[in-house]
$ cat target29.txt   # compact mmCIF, C-alpha atoms
# COMPACT_ATOMS: atom_id res chain seq x y z
CA MET W 5 0.00 0.00 0.00
CA LYS W 6 1.30 3.43 -0.95
CA ILE W 7 0.91 6.02 1.84
CA ALA W 8 1.37 9.81 1.78
CA ILE W 9 2.00 11.71 4.98
CA LEU W 10 1.16 15.39 4.48
CA TYR W 11 1.93 17.80 7.27
CA THR W 12 2.38 21.41 8.26
CA SER W 13 4.83 22.36 10.97
CA LYS W 14 5.60 25.79 12.39
CA TYR W 15 8.74 24.95 14.41
CA GLY W 16 9.49 21.37 13.36
CA THR W 17 7.70 19.30 16.00
CA THR W 18 4.91 18.09 13.70
CA GLU W 19 7.51 17.34 11.06
CA ALA W 20 9.47 15.24 13.56
CA VAL W 21 6.30 13.33 14.49
CA ALA W 22 5.47 12.79 10.80
CA VAL W 23 8.99 11.46 10.20
CA SER W 24 8.64 9.14 13.20
CA ILE W 25 5.33 7.80 11.88
CA ALA W 26 6.86 7.32 8.42
CA GLU W 27 9.84 5.42 9.83
CA LYS W 28 7.56 3.07 11.77
CA LEU W 29 5.32 2.46 8.74
CA LYS W 30 8.21 2.07 6.26
CA GLU W 31 9.05 -1.29 7.80
CA THR W 32 6.02 -2.73 6.01
CA LYS W 33 4.63 0.00 3.72
CA ASP W 34 5.67 2.37 0.91
CA VAL W 35 5.56 5.81 2.56
CA GLU W 36 6.30 9.32 1.25
CA LEU W 37 6.44 12.54 3.28
CA PHE W 38 5.24 15.92 2.01
CA SER W 39 5.41 19.28 3.74
CA LEU W 40 2.50 21.53 2.75
CA ASN W 41 4.74 24.46 3.73
CA LYS W 42 6.98 23.78 0.72
CA ASN W 43 4.34 23.91 -2.06
CA ILE W 44 5.62 20.69 -3.64
CA PRO W 45 3.46 19.43 -6.52
CA LEU W 46 1.54 16.45 -5.26
CA ASN W 47 -0.89 14.04 -6.87
CA ILE W 48 -2.75 12.39 -4.01
CA ASN W 49 -4.48 10.09 -6.49
CA GLU W 50 -1.25 8.02 -6.48
CA PHE W 51 -1.81 7.01 -2.86
CA GLU W 52 -4.21 4.57 -1.26
CA MET W 53 -3.85 6.15 2.18
CA VAL W 54 -3.28 9.77 3.18
CA ILE W 55 -2.19 10.76 6.67
CA LEU W 56 -2.70 14.43 7.54
CA GLY W 57 -0.82 16.09 10.39
CA SER W 58 -0.83 19.66 11.58
CA SER W 59 0.45 21.73 14.44
CA VAL W 60 -1.94 23.60 16.69
CA TYR W 61 -0.62 27.06 17.43
CA MET W 62 -2.49 29.37 19.79
CA GLY W 63 -5.47 27.02 19.58
CA GLN W 64 -5.61 27.10 15.77
CA VAL W 65 -4.59 24.54 13.19
CA SER W 66 -2.45 25.62 10.27
CA LYS W 67 -4.31 27.63 7.64
CA LYS W 68 -2.44 25.72 4.92
CA MET W 69 -3.85 22.44 6.24
CA LYS W 70 -7.37 23.84 6.39
CA VAL W 71 -7.11 25.11 2.79
CA PHE W 72 -5.62 21.81 1.59
CA CYS W 73 -8.44 19.81 3.22
CA LYS W 74 -11.10 22.05 1.75
CA GLU W 75 -9.61 21.96 -1.76
CA HIS W 76 -9.03 18.17 -1.75
CA GLU W 77 -11.88 16.92 0.42
CA SER W 78 -13.64 14.97 -2.34
CA VAL W 79 -10.43 13.11 -3.29
CA LEU W 80 -9.49 12.52 0.34
CA LEU W 81 -12.88 10.97 1.01
CA GLN W 82 -12.05 8.30 -1.59
CA LYS W 83 -8.91 7.32 0.34
CA LYS W 84 -8.15 5.71 3.63
CA ILE W 85 -7.32 8.71 5.78
CA ALA W 86 -5.77 9.23 9.20
CA LEU W 87 -5.50 12.51 11.09
CA PHE W 88 -3.25 13.86 13.81
CA VAL W 89 -2.40 17.13 15.48
CA CYS W 90 0.51 18.23 17.62
CA GLY W 91 -0.13 20.72 20.38
CA MET W 92 0.77 21.54 23.95
CA ASP W 93 -2.48 21.95 25.83
CA PRO W 94 -2.50 19.42 28.71
CA ASP W 95 -6.30 19.45 29.07
CA LYS W 96 -7.77 16.32 27.43
CA GLU W 97 -11.04 18.09 26.57
CA ILE W 98 -9.19 20.92 24.84
CA GLN W 99 -7.05 18.35 23.00
CA LYS W 100 -10.23 16.68 21.71
CA LYS W 101 -11.60 20.07 20.64
CA GLU W 102 -8.36 21.02 18.86
CA LEU W 103 -8.36 17.71 16.99
CA LYS W 104 -12.05 18.13 16.11
CA ASP W 105 -11.55 21.73 14.94
CA ALA W 106 -8.48 20.86 12.88
CA TYR W 107 -10.19 18.89 10.11
CA PRO W 108 -13.52 18.97 8.26
CA GLU W 109 -16.24 16.85 9.83
CA LEU W 110 -16.54 14.51 6.84
CA LEU W 111 -12.82 13.70 6.98
CA GLN W 112 -13.10 12.98 10.69
CA GLN W 113 -16.08 10.69 10.15
CA ASN W 114 -14.13 8.73 7.53
CA ALA W 115 -10.79 8.63 9.34
CA ILE W 116 -9.46 5.23 10.34
CA ALA W 117 -7.41 6.91 13.08
CA ALA W 118 -7.35 10.37 14.67
CA GLU W 119 -5.02 11.34 17.53
CA PHE W 120 -3.61 14.26 19.49
CA LEU W 121 0.11 13.42 19.71
CA GLY W 122 1.54 16.05 22.05
CA GLY W 123 3.93 18.80 21.07
CA ALA W 124 6.75 21.10 22.11
CA PHE W 125 7.60 24.66 23.05
CA LEU W 126 10.85 25.46 21.26
CA PHE W 127 11.89 28.81 22.71
CA GLU W 128 15.01 29.00 20.55
CA LYS W 129 12.80 29.08 17.43
CA MET W 130 10.25 31.59 18.74
CA ASN W 131 10.36 35.33 18.37
CA PHE W 132 10.25 37.67 21.37
CA PHE W 133 6.46 38.04 21.37
CA GLU W 134 5.82 34.30 21.05
CA ARG W 135 8.18 33.60 23.97
CA ALA W 136 6.45 36.26 26.07
CA ILE W 137 3.01 34.78 25.39
CA ILE W 138 4.15 31.22 26.17
CA LYS W 139 5.86 32.40 29.37
CA LYS W 140 2.63 34.06 30.48
CA ILE W 141 0.15 31.37 29.42
CA ALA W 142 2.14 28.16 29.94
CA LYS W 143 4.29 29.56 32.75
CA SER W 144 7.36 28.11 31.10
CA THR W 145 10.68 29.81 30.44
CA THR W 146 12.53 26.97 28.72
CA SER W 147 11.93 24.67 25.79
CA ILE W 148 9.70 21.70 26.59
CA GLN W 149 9.12 18.57 24.52
CA GLN W 150 5.97 16.58 25.32
CA ILE W 151 5.44 14.33 22.35
CA ASP W 152 3.20 11.51 23.49
CA ARG W 153 5.25 8.54 22.26
CA GLU W 154 2.59 6.10 23.46
CA ALA W 155 -0.08 7.91 21.43
CA VAL W 156 2.22 7.85 18.36
CA GLU W 157 2.69 4.08 18.80
CA HIS W 158 -1.08 3.61 19.20
CA PHE W 159 -1.74 5.69 16.05
CA VAL W 160 0.75 3.64 14.00
CA TYR W 161 -0.62 0.40 15.43
CA LYS W 162 -4.12 1.34 14.20
CA LEU W 163 -2.76 2.08 10.72
CA ILE W 164 -0.82 -1.15 10.48
CA ASN W 165 -3.77 -3.24 11.69
CA ILE W 166 -6.25 -1.53 9.36
CA ASN W 167 -3.89 -2.15 6.45
CA ASN W 168 -3.45 -5.81 7.38
CA LYS W 169 -7.22 -6.32 7.24
CA THR W 170 -7.49 -5.09 3.65
$ encode --input "target29.txt" --output "structure tokens"
Amino acid sequence: MKIAILYTSKYGTTEAVAVSIAEKLKETKDVELFSLNKNIPLNINEFEMVILGSSVYMGQVSKKMKVFCKEHESVLLQKKIALFVCGMDPDKEIQKKELKDAYPELLQQNAIAAEFLGGAFLFEKMNFFERAIIKKIAKSTTSIQQIDREAVEHFVYKLININNKT
């Protein structure tokens, strides 16, 4: 099965998670990674499965991901799709809301897997204003990485098991 992982990443955390997912799937599947930030020509018709991943920044998913989903929704609905977001809110209810708000309802209803996979605050990549906001809201003054490795494993496990059934 040929799989595309399409992602948007502001500071590199979502990209790192996408790479991790790809490495785990490549053991048994043909996987290609695509950053929507790079405007690479892409024909999603070539793929049987499409995994979409986006960062959540200040409670909002990437605009590029939202536009991509809207423009390609009819094609995506013909594929096996999986969805993930990376964010830093520790509240499980807010995580569910961020995941729900990230993708169109029809894609969510047809997704074989959807997960909130944690995130990171990378102070060295933020500008002054972003650091100030994070310091005030998250009460953190240093970079923090909170990728939920167990959730990533669970997400990949779902994808591998779904693929083995077809």
$ closest_atom_pairs --input "target29.txt" --of "segment 8-30 of chain W" --to "segment 76-87 of chain W" --cutoff "10 Å" --atoms "only C-alpha atoms" --output "tab-separated table"
residue	atom	partner	partner_atom	distance
W:Ala8	CA	W:Ile85	CA	9.6
W:Ile9	CA	W:Ala86	CA	9.2
W:Leu10	CA	W:Leu87	CA	9.8
W:Tyr11	CA	W:Leu87	CA	9.9
$ residues_near_point --input "target29.txt" --point "(7.5, 7.0, 10.8)" --cutoff "12 Å" --atoms "only C-alpha atoms" --output "compact mmCIF listing (two decimals) with C-alpha atoms, keeping the file's coordinate frame"
# COMPACT_ATOMS: atom_id res chain seq x y z
CA ILE W 7 0.91 6.02 1.84
CA ALA W 8 1.37 9.81 1.78
CA ILE W 9 2.00 11.71 4.98
CA THR W 18 4.91 18.09 13.70
CA GLU W 19 7.51 17.34 11.06
CA ALA W 20 9.47 15.24 13.56
CA VAL W 21 6.30 13.33 14.49
CA ALA W 22 5.47 12.79 10.80
CA VAL W 23 8.99 11.46 10.20
CA SER W 24 8.64 9.14 13.20
CA ILE W 25 5.33 7.80 11.88
CA ALA W 26 6.86 7.32 8.42
CA GLU W 27 9.84 5.42 9.83
CA LYS W 28 7.56 3.07 11.77
CA LEU W 29 5.32 2.46 8.74
CA LYS W 30 8.21 2.07 6.26
CA GLU W 31 9.05 -1.29 7.80
CA THR W 32 6.02 -2.73 6.01
CA LYS W 33 4.63 0.00 3.72
CA ASP W 34 5.67 2.37 0.91
CA VAL W 35 5.56 5.81 2.56
CA GLU W 36 6.30 9.32 1.25
CA LEU W 37 6.44 12.54 3.28
CA ILE W 55 -2.19 10.76 6.67
CA ARG W 153 5.25 8.54 22.26
CA VAL W 156 2.22 7.85 18.36
CA GLU W 157 2.69 4.08 18.80
CA PHE W 159 -1.74 5.69 16.05
CA VAL W 160 0.75 3.64 14.00
CA TYR W 161 -0.62 0.40 15.43
CA LEU W 163 -2.76 2.08 10.72
CA ILE W 164 -0.82 -1.15 10.48
$ atom_distance --input "target29.txt" --atom1 "atom CA of Gln99 of chain W" --atom2 "atom CA of Gln64 of chain W"
11.4 Å
$ residues_around --input "target29.txt" --residues "Leu121 of chain W" --least-positions-apart "3" --cutoff "8 Å" --atoms "only C-alpha atoms" --output "PyMOL selection string"
chain W and resi 88-91+151-153+155-156
$ closest_residue --input "target29.txt" --among "W:Pro108, W:Gly123, W:Pro94, W:Pro45" --to "Ser13 of chain W" --atoms "all atoms listed in the file"
W:Gly123
$ atom_distance --input "target29.txt" --atom1 "atom CA of Thr12 of chain W" --atom2 "atom CA of Leu40 of chain W"
5.5 Å
$ residues_near_point --input "target29.txt" --point "(3.1, 29.7, 13.8)" --cutoff "8 Å" --atoms "all atoms listed in the file" --output "short mmCIF file (atom, residue, chain, number, x, y, z; two decimals) with C-alpha atoms, keeping the file's coordinate frame"
data_model
loop_
_atom_site.label_atom_id
_atom_site.label_comp_id
_atom_site.auth_asym_id
_atom_site.auth_seq_id
_atom_site.Cartn_x
_atom_site.Cartn_y
_atom_site.Cartn_z
CA LYS W 14 5.60 25.79 12.39
CA TYR W 15 8.74 24.95 14.41
CA TYR W 61 -0.62 27.06 17.43
CA SER W 66 -2.45 25.62 10.27
#
$ closest_residue --input "target29.txt" --among "W:Asn114, W:Ser59, W:Asn41, W:Asn165" --to "Glu102 of chain W" --atoms "all atoms listed in the file"
W:Ser59
$ closest_residue --input "target29.txt" --among "W:Met92, W:Lys74, W:Asn43, W:Met53" --to "Ile166 of chain W" --atoms "only C-alpha atoms"
W:Met53
$ atom_distance --input "target29.txt" --atom1 "atom CA of Lys100 of chain W" --atom2 "atom CA of Phe120 of chain W"
7.4 Å
$ closest_residue --input "target29.txt" --among "W:Ala115, W:Glu154, W:Phe51, W:Ser58" --to "Gly16 of chain W" --atoms "only C-alpha atoms"
W:Ser58
$ closest_residue --input "target29.txt" --among "W:Ala117, W:Val60, W:Leu103, W:Cys73" --to "Ile48 of chain W" --atoms "all atoms listed in the file"
W:Cys73
$ closest_residue --input "target29.txt" --among "W:Gly122, W:Gly57, W:Ser39, W:Glu50" --to "Asp93 of chain W" --atoms "all atoms listed in the file"
W:Gly122
